[in-house]
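A quick write-up on the structure given underneath.
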Amino acid sequence: MAQLEQFTPSVDAVVSRLRALDAVLPARDGIAVFNRVYLVVTEAVDRRIDAGRFPDARAATTLDVRFAERYLAAVDAVADGRRPPACWRPLFQFRRHPGVRPLQFALAGINAHIGHDLALAVVDSCRTLNCEPVDLEDEFDRVGDLLVLLEERIRDDLMPGPDLLQIADPLTHLLGSWSLERARDASWSAARALWALRQLPDVAEEFTERLDAAVGFAGRMLLTPLPG
């Protein structure tokens, strides 16, 4: 943890890493689908930070980078032959399944990253900045609002078929059970709980493990193979 607290790389470094992954992953790979989405999000946050759209640029940068590090650590774990967190396992397991559609890959990644990683990134950022979660609430909300807008665009871009056919598409019903706004609200509550539990490491660890498992279960449901 000491190393985590000492140095926060720039958002530009994160963008470079995401672009490097995009360059080497097959286009249809489930991780590649999510990575492209996440690259768009991170580039948008970077532009807004540079434009002064965040009142506290340091806090916004720290939260964005700590957030990205959680996803990149999962990618590195798999590359090294280690198991990623439970929230990411379904996406890595099904990343090449022909019955899973691109929109499912994208939202399963968002589910893992928002539902689990974001809460831990808030705690990481509080330790780095020596602050409380409430001090990051504005940055959290601004990033979350951007994610909601991008999720709407992602659904429009990746949802197949004309609108009239989408009503009968099982994908419509599957994805209708998940909401980014609800996931974001739950993540904020989880971050506050983890921060309150920081003096009880055993309880905090158990809470984190249960959160990880629950988010992973939701991700597995999102990746249910569907008929073409």
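Residues in the structure tokens are numbered from 1 in each chain, the chains being A, B, ... in the order shown, and ligands are numbered from 1 in the order shown.
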
Given only C-alpha atoms, how would the per-residue table for segment 107-156 of chain A near segment 68-88 of chain A read, listing every residue at most 8 Å away with its closest atom pair and distance in Å to one decimal, sorted by chain and number, as CSV?
```
residue,atom,partner,partner_atom,distance
A:Gly109,CA,A:Trp88,CA,7.3
A:Ala112,CA,A:Cys87,CA,5.1
A:His113,CA,A:Tyr71,CA,6.8
A:His116,CA,A:Cys87,CA,6.9
A:Asp117,CA,A:Arg70,CA,5.9
A:Ala121,CA,A:Arg70,CA,7.5
```

Practice prompt. Go through A:Pro102, A:Gly115, A:Pro55, A:Pro201 one by one, measure the shortest atom-to-atom distance of each to Phe34 of chain A using only C-alpha atoms, and give the residue with the smallest value.
Written response: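 Ranking A:Pro102, A:Gly115, A:Pro55, A:Pro201 by distance to Phe34 of chain A, first place goes to A:Pro102.
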
Practice prompt. Could you please write out, as an MDAnalysis selection string, every residue of segment 11-98 of chain A that DSSP assigns to helix (DSSP H, G or I)?
Written response: chainID A and resid 11:24 30:50 57:79 89:94

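The closest residue to Trp195 of chain A, picked from A:Val24, A:Ala57, A:Leu39, A:Val134 and counting only C-alpha atoms, is A:Val134.
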
Item to complete: Give the answer as one residue: which of A:Gln104, A:Gln93, A:Asn35, A:Ser125 has the shortest atom-to-atom distance to Val65 of chain A, using only C-alpha atoms?
Response: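 That would be A:Ser125, the residue with the smallest distance to Val65 of chain A.
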
Discussion item. So that I can check the surroundings of Trp188 of chain A, please list as a PyMOL selection string every protein, DNA and RNA residue that reaches within 12 Å of it, counting only C-alpha atoms and ignoring chain neighbours fewer than 3 positions away.
Written reply: chain A and resi 114-123+133-134+136-141+144+181-185+191-195

Fill in: Who sits within 12 Å of Arg47 of chain A, only C-alpha atoms, same chain under 4 positions skipped, as a ChimeraX atom specification
/A:11-12,15,40-43,51-54,57,60-61,146

Worksheet item: Contacts of Ala218 of chain A at 10 Å or less, counting only C-alpha atoms, minus same-chain residues fewer than 5 places along, as a list in words?
Response: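 What passes the distance filter is Cys87, Pro90, Ala108, Asn111, Ala112, Gly115, Ser177, Trp178, Ala213 and Leu223 of chain A.
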